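> Take a look at this one; I'll ask things after.
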Amino acid sequence: SSFWLVVPAAGIGQRMNAECPKQYLRINNRFILDITLSRVLDSLSFKGCMVPLNSQDQWWPASESARDGRIQTCVGGRERADSVLSALLALEGQARNDDWILVHDAARPCVHPEDLNRLVVALAAHPVGGLLAAPVADTLKLASDGAVPEVCETVDRSRLWRALTPQMFRFGALKQALLLCLDHGQSITDESSAMEFSGKMPALVEGRPDNIKITVPSDLALAEFILGRQ
Ligand code: C5P
């Protein structure tokens, strides 16, 4: 079966307080989205790539990716899951139900080629698929829900992982899972959640903790540092 890449890039990046969405901020004078797309597309062999963009997007035409013949675009949706679903619907007729879809955040430019390879090799024979993830390093506290949060308990972190991307699932199963969540008004923040809601158990593939998602302004300098060291 073939591999397809979906890079949701339709967010508006509210937490960055920037004048443009975070995927269009620059690191080493390149759009974050361009760094992300070229790294993933150059690391693995894909049949195609779909990038859902915001309907108000004014920056894409200025990107390197707009001139990359491997990349197609479509219009994204209100939430990340809506954007991923619209990408899958745009791939309908091109992708087959048992083809693999890799979904990778536009805001994760530091993903390492070795991690991409390890994910694909680890999951090639897996019935469900799975995701890159990193064991939790900090001690975790469960808070009370009062105005001033207090510690209710310390959570056992030995079985807790941070979900990263890419997340890799079969085209048909992922589409069905996202549609099921939509039907049930189930709000989800990654593809694994949709598969879990469908009763599946995605595999966790340990990835590098420096595969950060650019979320707040200080993440920009951190990503530049990580990219310079890799
Ligand atoms: O906001 P957050 O950091 O969770 O976004 C993760 C990724 O999902 C980003 O690449 C963002 O552009 C994308 N996204 C999207 N459509 C939305 C919201 C977020 O494609 N409606």
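Chain labels follow the order of the structure tokens: the first chain is A, the next B, and so on; residue numbering restarts at 1 in every chain, and ligands are counted from 1 in their shown order.
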Could I get the residue neighbourhood of ligand 1 at 6 Å, counting only C-alpha atoms and all ligand atoms, as a PyMOL selection string?
chain A and resi 8-11+13+76-80+83+105-107+215
> When you look at Leu174 (chain A) with a cut-off of 8 Å (counting only C-alpha atoms), what residues show up, excluding the ones that are within fewer than 4 positions of it in the same chain? I need them as a compact mmCIF listing (two decimals) with N, CA and C atoms, in the first residue's frame.

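Writing done, so here's result-v7.txt:
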# COMPACT_ATOMS: atom_id res chain seq x y z
N PHE A 169 -2.23 6.22 10.08
CA PHE A 169 -3.38 5.31 10.07
C PHE A 169 -3.80 5.03 8.63
N ARG A 170 -4.62 3.97 8.47
CA ARG A 170 -5.13 3.64 7.13
C ARG A 170 -6.16 4.67 6.70
N LEU A 178 -12.91 9.73 11.97
CA LEU A 178 -13.15 11.18 12.06
C LEU A 178 -14.63 11.49 11.86
N GLU A 191 -5.35 12.57 15.70
CA GLU A 191 -5.99 11.48 14.96
C GLU A 191 -6.12 10.24 15.83
N ALA A 194 -9.32 9.97 17.61
CA ALA A 194 -10.43 9.52 16.78
C ALA A 194 -10.43 8.00 16.67
N MET A 195 -9.24 7.41 16.48
CA MET A 195 -9.14 5.95 16.39
C MET A 195 -9.53 5.31 17.72
> I'd like a table as JSON lines: residues in region 83-163 of chain A with an atom no more than 9 Å from region 42-58 of chain A, each row giving the shortest atom pair and its distance in Å to one decimal, only C-alpha atoms counted, sorted by chain and rising residue number.

{"residue": "A:Ser83", "atom": "CA", "partner": "A:Pro52", "partner_atom": "CA", "distance": 5.9}
{"residue": "A:Val84", "atom": "CA", "partner": "A:Pro52", "partner_atom": "CA", "distance": 7.2}
{"residue": "A:Ser86", "atom": "CA", "partner": "A:Pro52", "partner_atom": "CA", "distance": 7.2}
{"residue": "A:Ala87", "atom": "CA", "partner": "A:Pro52", "partner_atom": "CA", "distance": 5.9}
{"residue": "A:Leu88", "atom": "CA", "partner": "A:Met50", "partner_atom": "CA", "distance": 8.2}
{"residue": "A:Ala90", "atom": "CA", "partner": "A:Met50", "partner_atom": "CA", "distance": 7.9}
{"residue": "A:Leu91", "atom": "CA", "partner": "A:Met50", "partner_atom": "CA", "distance": 7.5}
{"residue": "A:Gln94", "atom": "CA", "partner": "A:Gly48", "partner_atom": "CA", "distance": 8.8}
{"residue": "A:Ala95", "atom": "CA", "partner": "A:Lys47", "partner_atom": "CA", "distance": 8.6}
{"residue": "A:Ala106", "atom": "CA", "partner": "A:Val51", "partner_atom": "CA", "distance": 9.0}
{"residue": "A:His112", "atom": "CA", "partner": "A:Ser43", "partner_atom": "CA", "distance": 8.8}
{"residue": "A:Pro113", "atom": "CA", "partner": "A:Ser43", "partner_atom": "CA", "distance": 5.5}
{"residue": "A:Glu114", "atom": "CA", "partner": "A:Ser43", "partner_atom": "CA", "distance": 8.4}
{"residue": "A:Leu116", "atom": "CA", "partner": "A:Ser43", "partner_atom": "CA", "distance": 7.2}
{"residue": "A:Asn117", "atom": "CA", "partner": "A:Leu44", "partner_atom": "CA", "distance": 7.2}
{"residue": "A:Val120", "atom": "CA", "partner": "A:Leu44", "partner_atom": "CA", "distance": 8.9}
> Output N, CA and C atoms of each residue in that selection to a file, as an mmCIF file, in the first residue's frame.

data_model
loop_
_atom_site.group_PDB
_atom_site.id
_atom_site.type_symbol
_atom_site.label_atom_id
_atom_site.label_comp_id
_atom_site.auth_asym_id
_atom_site.auth_seq_id
_atom_site.Cartn_x
_atom_site.Cartn_y
_atom_site.Cartn_z
ATOM 1 N N SER A 83 -10.069 19.980 9.489
ATOM 2 C CA SER A 83 -9.080 20.209 8.427
ATOM 3 C C SER A 83 -8.529 18.889 7.901
ATOM 4 N N VAL A 84 -8.232 17.964 8.827
ATOM 5 C CA VAL A 84 -7.710 16.655 8.402
ATOM 6 C C VAL A 84 -8.770 15.911 7.593
ATOM 7 N N SER A 86 -11.172 17.196 5.806
ATOM 8 C CA SER A 86 -11.334 17.793 4.476
ATOM 9 C C SER A 86 -10.180 17.376 3.563
ATOM 10 N N ALA A 87 -8.984 17.183 4.133
ATOM 11 C CA ALA A 87 -7.853 16.697 3.325
ATOM 12 C C ALA A 87 -8.125 15.272 2.846
ATOM 13 N N LEU A 88 -8.667 14.437 3.735
ATOM 14 C CA LEU A 88 -8.950 13.049 3.345
ATOM 15 C C LEU A 88 -10.028 13.015 2.262
ATOM 16 N N ALA A 90 -10.573 15.296 0.122
ATOM 17 C CA ALA A 90 -9.947 15.790 -1.115
ATOM 18 C C ALA A 90 -9.083 14.704 -1.765
ATOM 19 N N LEU A 91 -8.632 13.721 -0.958
ATOM 20 C CA LEU A 91 -7.810 12.629 -1.502
ATOM 21 C C LEU A 91 -8.655 11.453 -1.992
ATOM 22 N N GLN A 94 -8.107 9.259 -5.082
ATOM 23 C CA GLN A 94 -6.673 9.085 -5.310
ATOM 24 C C GLN A 94 -6.125 8.010 -4.379
ATOM 25 N N ALA A 95 -6.466 8.128 -3.083
ATOM 26 C CA ALA A 95 -5.962 7.168 -2.095
ATOM 27 C C ALA A 95 -6.911 5.983 -1.989
ATOM 28 N N ALA A 106 1.816 21.160 10.765
ATOM 29 C CA ALA A 106 2.650 22.171 10.102
ATOM 30 C C ALA A 106 3.601 22.829 11.107
ATOM 31 N N HIS A 112 12.585 14.695 13.110
ATOM 32 C CA HIS A 112 13.855 14.185 12.582
ATOM 33 C C HIS A 112 13.617 13.071 11.556
ATOM 34 N N PRO A 113 14.354 13.072 10.441
ATOM 35 C CA PRO A 113 14.193 12.024 9.426
ATOM 36 C C PRO A 113 14.267 10.608 10.013
ATOM 37 N N GLU A 114 15.126 10.399 11.007
ATOM 38 C CA GLU A 114 15.234 9.064 11.626
ATOM 39 C C GLU A 114 13.929 8.658 12.303
ATOM 40 N N LEU A 116 10.929 9.672 11.407
ATOM 41 C CA LEU A 116 9.963 9.382 10.342
ATOM 42 C C LEU A 116 10.158 7.953 9.846
ATOM 43 N N ASN A 117 11.406 7.578 9.642
ATOM 44 C CA ASN A 117 11.702 6.224 9.195
ATOM 45 C C ASN A 117 11.310 5.183 10.225
ATOM 46 N N VAL A 120 7.495 4.563 10.327
ATOM 47 C CA VAL A 120 6.989 3.801 9.188
ATOM 48 C C VAL A 120 7.404 2.331 9.281
#
> Find the spatial neighbours of region 137-143 of chain A, counting only C-alpha atoms, within a cut-off of 7 Å - ignore same-chain residues fewer than 5 positions away - and output them as an MDAnalysis selection string.
chainID A and resid 149:155 157
> Generate the output file for the selected residues, N, CA and C atoms, as a compact mmCIF listing (two decimals), in the first residue's frame.

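Result file follows (selection_15.txt):
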# COMPACT_ATOMS: atom_id res chain seq x y z
N PRO A 149 -5.97 26.71 41.98
CA PRO A 149 -5.76 25.27 41.85
C PRO A 149 -4.90 24.71 42.98
N GLU A 150 -5.33 23.59 43.52
CA GLU A 150 -4.55 22.87 44.54
C GLU A 150 -4.33 21.45 44.06
N VAL A 151 -3.27 20.82 44.56
CA VAL A 151 -2.96 19.46 44.12
C VAL A 151 -3.91 18.46 44.77
N CYS A 152 -4.64 17.72 43.96
CA CYS A 152 -5.47 16.61 44.46
C CYS A 152 -4.61 15.38 44.65
N GLU A 153 -3.80 15.11 43.62
CA GLU A 153 -2.91 13.94 43.72
C GLU A 153 -1.81 14.04 42.68
N THR A 154 -0.78 13.22 42.90
CA THR A 154 0.29 13.09 41.93
C THR A 154 -0.02 11.88 41.07
N VAL A 155 -0.02 12.12 39.75
CA VAL A 155 -0.42 11.07 38.81
C VAL A 155 0.79 10.18 38.50
N ARG A 157 3.26 8.64 36.40
CA ARG A 157 3.61 9.02 35.04
C ARG A 157 4.20 7.85 34.24
> Once DSSP has gone over the backbone, tell me which residues of region 21-101 of chain A are in strand (DSSP E or B), as a list in words.
Arg26, Ile27, Arg30, Phe31, Gly48, Cys49, Met50, Val51, Pro52, Leu53, Ile71, Gln72, Thr73, Cys74, Val75, Glu92, Ala95, Trp100 and Ile101 of chain A
> Output the selection as a PDB file, in the first residue's frame - N, CA and C atoms for each residue.

ATOM      1  N   ARG A  26       8.843  32.931  10.398  1.00  0.00           N
ATOM      2  CA  ARG A  26      10.061  32.489   9.733  1.00  0.00           C
ATOM      3  C   ARG A  26      11.114  32.012  10.722  1.00  0.00           C
ATOM      4  N   ILE A  27      11.802  30.931  10.336  1.00  0.00           N
ATOM      5  CA  ILE A  27      13.010  30.482  11.027  1.00  0.00           C
ATOM      6  C   ILE A  27      14.097  30.440   9.966  1.00  0.00           C
ATOM      7  N   ARG A  30      12.952  31.215   6.477  1.00  0.00           N
ATOM      8  CA  ARG A  30      12.009  30.356   5.730  1.00  0.00           C
ATOM      9  C   ARG A  30      10.731  30.207   6.546  1.00  0.00           C
ATOM     10  N   PHE A  31       9.583  30.099   5.847  1.00  0.00           N
ATOM     11  CA  PHE A  31       8.336  29.804   6.550  1.00  0.00           C
ATOM     12  C   PHE A  31       8.472  28.475   7.293  1.00  0.00           C
ATOM     13  N   GLY A  48       1.539  11.170  -2.575  1.00  0.00           N
ATOM     14  CA  GLY A  48       1.052  12.529  -2.713  1.00  0.00           C
ATOM     15  C   GLY A  48       0.964  13.208  -1.364  1.00  0.00           C
ATOM     16  N   CYS A  49       0.688  14.519  -1.392  1.00  0.00           N
ATOM     17  CA  CYS A  49       0.647  15.305  -0.164  1.00  0.00           C
ATOM     18  C   CYS A  49      -0.487  16.321  -0.266  1.00  0.00           C
ATOM     19  N   MET A  50      -1.332  16.379   0.788  1.00  0.00           N
ATOM     20  CA  MET A  50      -2.455  17.320   0.802  1.00  0.00           C
ATOM     21  C   MET A  50      -2.305  18.263   1.993  1.00  0.00           C
ATOM     22  N   VAL A  51      -2.390  19.568   1.733  1.00  0.00           N
ATOM     23  CA  VAL A  51      -2.252  20.574   2.776  1.00  0.00           C
ATOM     24  C   VAL A  51      -3.532  21.397   2.878  1.00  0.00           C
ATOM     25  N   PRO A  52      -4.349  21.169   3.939  1.00  0.00           N
ATOM     26  CA  PRO A  52      -5.527  22.019   4.127  1.00  0.00           C
ATOM     27  C   PRO A  52      -5.122  23.388   4.648  1.00  0.00           C
ATOM     28  N   LEU A  53      -5.608  24.425   3.970  1.00  0.00           N
ATOM     29  CA  LEU A  53      -5.275  25.804   4.331  1.00  0.00           C
ATOM     30  C   LEU A  53      -6.534  26.525   4.803  1.00  0.00           C
ATOM     31  N   ILE A  71       2.905  18.862  -3.945  1.00  0.00           N
ATOM     32  CA  ILE A  71       1.945  19.281  -2.917  1.00  0.00           C
ATOM     33  C   ILE A  71       0.642  19.782  -3.529  1.00  0.00           C
ATOM     34  N   GLN A  72      -0.489  19.270  -2.998  1.00  0.00           N
ATOM     35  CA  GLN A  72      -1.818  19.776  -3.353  1.00  0.00           C
ATOM     36  C   GLN A  72      -2.400  20.489  -2.133  1.00  0.00           C
ATOM     37  N   THR A  73      -3.324  21.418  -2.351  1.00  0.00           N
ATOM     38  CA  THR A  73      -3.965  22.097  -1.225  1.00  0.00           C
ATOM     39  C   THR A  73      -5.485  21.949  -1.317  1.00  0.00           C
ATOM     40  N   CYS A  74      -6.131  22.121  -0.149  1.00  0.00           N
ATOM     41  CA  CYS A  74      -7.593  22.156  -0.100  1.00  0.00           C
ATOM     42  C   CYS A  74      -7.965  23.139   1.007  1.00  0.00           C
ATOM     43  N   VAL A  75      -9.260  23.380   1.196  1.00  0.00           N
ATOM     44  CA  VAL A  75      -9.688  24.298   2.247  1.00  0.00           C
ATOM     45  C   VAL A  75      -9.921  23.510   3.529  1.00  0.00           C
ATOM     46  N   GLU A  92      -9.963  11.534  -1.703  1.00  0.00           N
ATOM     47  CA  GLU A  92     -10.875  10.473  -2.136  1.00  0.00           C
ATOM     48  C   GLU A  92     -10.735  10.296  -3.648  1.00  0.00           C
ATOM     49  N   ALA A  95      -6.466   8.128  -3.083  1.00  0.00           N
ATOM     50  CA  ALA A  95      -5.962   7.168  -2.095  1.00  0.00           C
ATOM     51  C   ALA A  95      -6.911   5.983  -1.989  1.00  0.00           C
ATOM     52  N   TRP A 100      -1.698   4.068   3.639  1.00  0.00           N
ATOM     53  CA  TRP A 100      -1.359   4.741   4.902  1.00  0.00           C
ATOM     54  C   TRP A 100      -1.403   6.256   4.734  1.00  0.00           C
ATOM     55  N   ILE A 101      -1.981   6.921   5.739  1.00  0.00           N
ATOM     56  CA  ILE A 101      -1.961   8.389   5.794  1.00  0.00           C
ATOM     57  C   ILE A 101      -1.065   8.791   6.956  1.00  0.00           C
TER      58      ILE A 101
END
> For Gln167 (chain A), which of A:His104, A:Lys22, A:Arg118, A:His126 is the closest residue, counting only C-alpha atoms?
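Going through A:His104, A:Lys22, A:Arg118, A:His126 one by one, the smallest distance to Gln167 (chain A) is for A:His104.
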> Leaving out Leu119 (chain A) and any residue of its chain fewer than 4 positions from it, which residues lie within 9 Å of it when counting only C-alpha atoms, given as number ranges by chain?
A: 114-115, 123-124, 130-132, 166-168, 205-207
> Could you turn the residues from that selection into a file that holds N, CA and C atoms, as a short mmCIF file (atom, residue, chain, number, x, y, z; two decimals), in the first residue's frame?

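Saved the output as part-v1.cif:
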data_model
loop_
_atom_site.label_atom_id
_atom_site.label_comp_id
_atom_site.auth_asym_id
_atom_site.auth_seq_id
_atom_site.Cartn_x
_atom_site.Cartn_y
_atom_site.Cartn_z
N GLU A 114 15.13 10.40 11.01
CA GLU A 114 15.23 9.06 11.63
C GLU A 114 13.93 8.66 12.30
N ASP A 115 13.25 9.62 12.92
CA ASP A 115 11.97 9.33 13.57
C ASP A 115 10.91 8.97 12.54
N LEU A 123 5.45 0.46 12.14
CA LEU A 123 4.01 0.27 12.00
C LEU A 123 3.59 -0.44 10.71
N ALA A 124 4.55 -0.74 9.85
CA ALA A 124 4.23 -1.29 8.52
C ALA A 124 3.31 -2.50 8.62
N GLY A 130 -0.40 4.02 14.37
CA GLY A 130 -0.01 4.62 15.64
C GLY A 130 0.64 5.97 15.44
N LEU A 131 1.45 6.34 16.42
CA LEU A 131 1.96 7.71 16.46
C LEU A 131 3.32 7.79 17.12
N LEU A 132 4.08 8.82 16.77
CA LEU A 132 5.28 9.14 17.54
C LEU A 132 4.83 9.71 18.87
N PRO A 166 4.45 12.70 13.23
CA PRO A 166 3.29 12.18 12.54
C PRO A 166 2.52 11.11 13.31
N GLN A 167 1.21 11.01 12.92
CA GLN A 167 0.35 9.92 13.33
C GLN A 167 -0.03 9.20 12.05
N MET A 168 -0.01 7.88 12.08
CA MET A 168 -0.10 7.08 10.85
C MET A 168 -1.23 6.06 10.94
N VAL A 205 5.08 4.81 19.27
CA VAL A 205 6.45 4.62 18.79
C VAL A 205 7.27 5.75 19.38
N GLU A 206 8.27 5.38 20.19
CA GLU A 206 9.01 6.43 20.90
C GLU A 206 9.77 7.32 19.93
N GLY A 207 9.52 8.63 20.05
CA GLY A 207 10.18 9.61 19.19
C GLY A 207 11.02 10.56 20.02
#
> Out of A:Val40, A:Ala221, A:Val103, A:Leu227, which residue has the shortest atom-to-atom distance to Asp190 (chain A) when counting only C-alpha atoms?
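Counting only C-alpha atoms, the residue closest to Asp190 (chain A) is A:Val103.
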> Can you pull out the residues contacting Ser38 (chain A)? Cut-off 10 Å, using only C-alpha atoms, and skip same-chain residues under 4 positions away; I want them as a PDB file with C-alpha atoms, in the first residue's frame.

ATOM      1  CA  LEU A  33       5.455  25.402   6.922  1.00  0.00           C
ATOM      2  CA  ASP A  34       8.115  25.209   4.180  1.00  0.00           C
ATOM      3  CA  ASP A  42      12.486  14.585   1.429  1.00  0.00           C
ATOM      4  CA  SER A  43      12.674  11.882   4.150  1.00  0.00           C
ATOM      5  CA  GLU A  64       8.297  27.685  -1.446  1.00  0.00           C
ATOM      6  CA  SER A  65       5.749  24.886  -1.093  1.00  0.00           C
ATOM      7  CA  ASP A  68       6.476  22.288  -5.159  1.00  0.00           C
ATOM      8  CA  PRO A 109       9.370  21.639  11.772  1.00  0.00           C
TER       9      PRO A 109
END
> Between CA of Ser218 (chain A) and CA of Pro135 (chain A), what distance in Å does the model show, to one decimal?
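Separating CA of Ser218 (chain A) from CA of Pro135 (chain A) is a distance of 22.5 Å.
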> Could you pull out the helix (DSSP H, G or I) residues of region 42-89 of chain A, going by DSSP on the backbone, and write them as an NGL selection string?
:A and (42-43 or 60-62 or 65-67 or 80-89)
> Only N, CA and C atoms, please: the residues just picked out, written as a PDB file, in the first residue's frame.

ATOM      1  N   ASP A  42      11.165  15.048   1.854  1.00  0.00           N
ATOM      2  CA  ASP A  42      12.486  14.585   1.429  1.00  0.00           C
ATOM      3  C   ASP A  42      12.943  13.343   2.201  1.00  0.00           C
ATOM      4  N   SER A  43      12.242  13.004   3.311  1.00  0.00           N
ATOM      5  CA  SER A  43      12.674  11.882   4.150  1.00  0.00           C
ATOM      6  C   SER A  43      12.031  10.562   3.763  1.00  0.00           C
ATOM      7  N   TRP A  60       0.123  31.592   1.606  1.00  0.00           N
ATOM      8  CA  TRP A  60       0.540  30.391   0.863  1.00  0.00           C
ATOM      9  C   TRP A  60       1.201  30.726  -0.486  1.00  0.00           C
ATOM     10  N   PRO A  61       0.643  31.653  -1.303  1.00  0.00           N
ATOM     11  CA  PRO A  61       1.257  31.911  -2.610  1.00  0.00           C
ATOM     12  C   PRO A  61       2.718  32.352  -2.513  1.00  0.00           C
ATOM     13  N   ALA A  62       3.110  32.914  -1.362  1.00  0.00           N
ATOM     14  CA  ALA A  62       4.496  33.363  -1.202  1.00  0.00           C
ATOM     15  C   ALA A  62       5.410  32.242  -0.692  1.00  0.00           C
ATOM     16  N   SER A  65       6.573  26.075  -0.881  1.00  0.00           N
ATOM     17  CA  SER A  65       5.749  24.886  -1.093  1.00  0.00           C
ATOM     18  C   SER A  65       4.743  25.073  -2.221  1.00  0.00           C
ATOM     19  N   ALA A  66       4.302  26.332  -2.434  1.00  0.00           N
ATOM     20  CA  ALA A  66       3.326  26.601  -3.488  1.00  0.00           C
ATOM     21  C   ALA A  66       3.900  26.252  -4.861  1.00  0.00           C
ATOM     22  N   ARG A  67       5.229  26.244  -4.960  1.00  0.00           N
ATOM     23  CA  ARG A  67       5.867  25.917  -6.236  1.00  0.00           C
ATOM     24  C   ARG A  67       6.407  24.487  -6.263  1.00  0.00           C
ATOM     25  N   ARG A  80      -8.888  21.396  13.991  1.00  0.00           N
ATOM     26  CA  ARG A  80      -7.857  20.601  13.340  1.00  0.00           C
ATOM     27  C   ARG A  80      -8.449  19.343  12.706  1.00  0.00           C
ATOM     28  N   ALA A  81      -9.350  18.658  13.450  1.00  0.00           N
ATOM     29  CA  ALA A  81      -9.940  17.422  12.925  1.00  0.00           C
ATOM     30  C   ALA A  81     -10.741  17.680  11.645  1.00  0.00           C
ATOM     31  N   ASP A  82     -11.426  18.830  11.582  1.00  0.00           N
ATOM     32  CA  ASP A  82     -12.178  19.179  10.370  1.00  0.00           C
ATOM     33  C   ASP A  82     -11.218  19.382   9.196  1.00  0.00           C
ATOM     34  N   SER A  83     -10.069  19.980   9.489  1.00  0.00           N
ATOM     35  CA  SER A  83      -9.080  20.209   8.427  1.00  0.00           C
ATOM     36  C   SER A  83      -8.529  18.889   7.901  1.00  0.00           C
ATOM     37  N   VAL A  84      -8.232  17.964   8.827  1.00  0.00           N
ATOM     38  CA  VAL A  84      -7.710  16.655   8.402  1.00  0.00           C
ATOM     39  C   VAL A  84      -8.770  15.911   7.593  1.00  0.00           C
ATOM     40  N   LEU A  85     -10.013  15.961   8.060  1.00  0.00           N
ATOM     41  CA  LEU A  85     -11.085  15.279   7.322  1.00  0.00           C
ATOM     42  C   LEU A  85     -11.247  15.879   5.928  1.00  0.00           C
ATOM     43  N   SER A  86     -11.172  17.196   5.806  1.00  0.00           N
ATOM     44  CA  SER A  86     -11.334  17.793   4.476  1.00  0.00           C
ATOM     45  C   SER A  86     -10.180  17.376   3.563  1.00  0.00           C
ATOM     46  N   ALA A  87      -8.984  17.183   4.133  1.00  0.00           N
ATOM     47  CA  ALA A  87      -7.853  16.697   3.325  1.00  0.00           C
ATOM     48  C   ALA A  87      -8.125  15.272   2.846  1.00  0.00           C
ATOM     49  N   LEU A  88      -8.667  14.437   3.735  1.00  0.00           N
ATOM     50  CA  LEU A  88      -8.950  13.049   3.345  1.00  0.00           C
ATOM     51  C   LEU A  88     -10.028  13.015   2.262  1.00  0.00           C
ATOM     52  N   LEU A  89     -11.045  13.868   2.406  1.00  0.00           N
ATOM     53  CA  LEU A  89     -12.108  13.893   1.397  1.00  0.00           C
ATOM     54  C   LEU A  89     -11.550  14.382   0.062  1.00  0.00           C
TER      55      LEU A  89
END
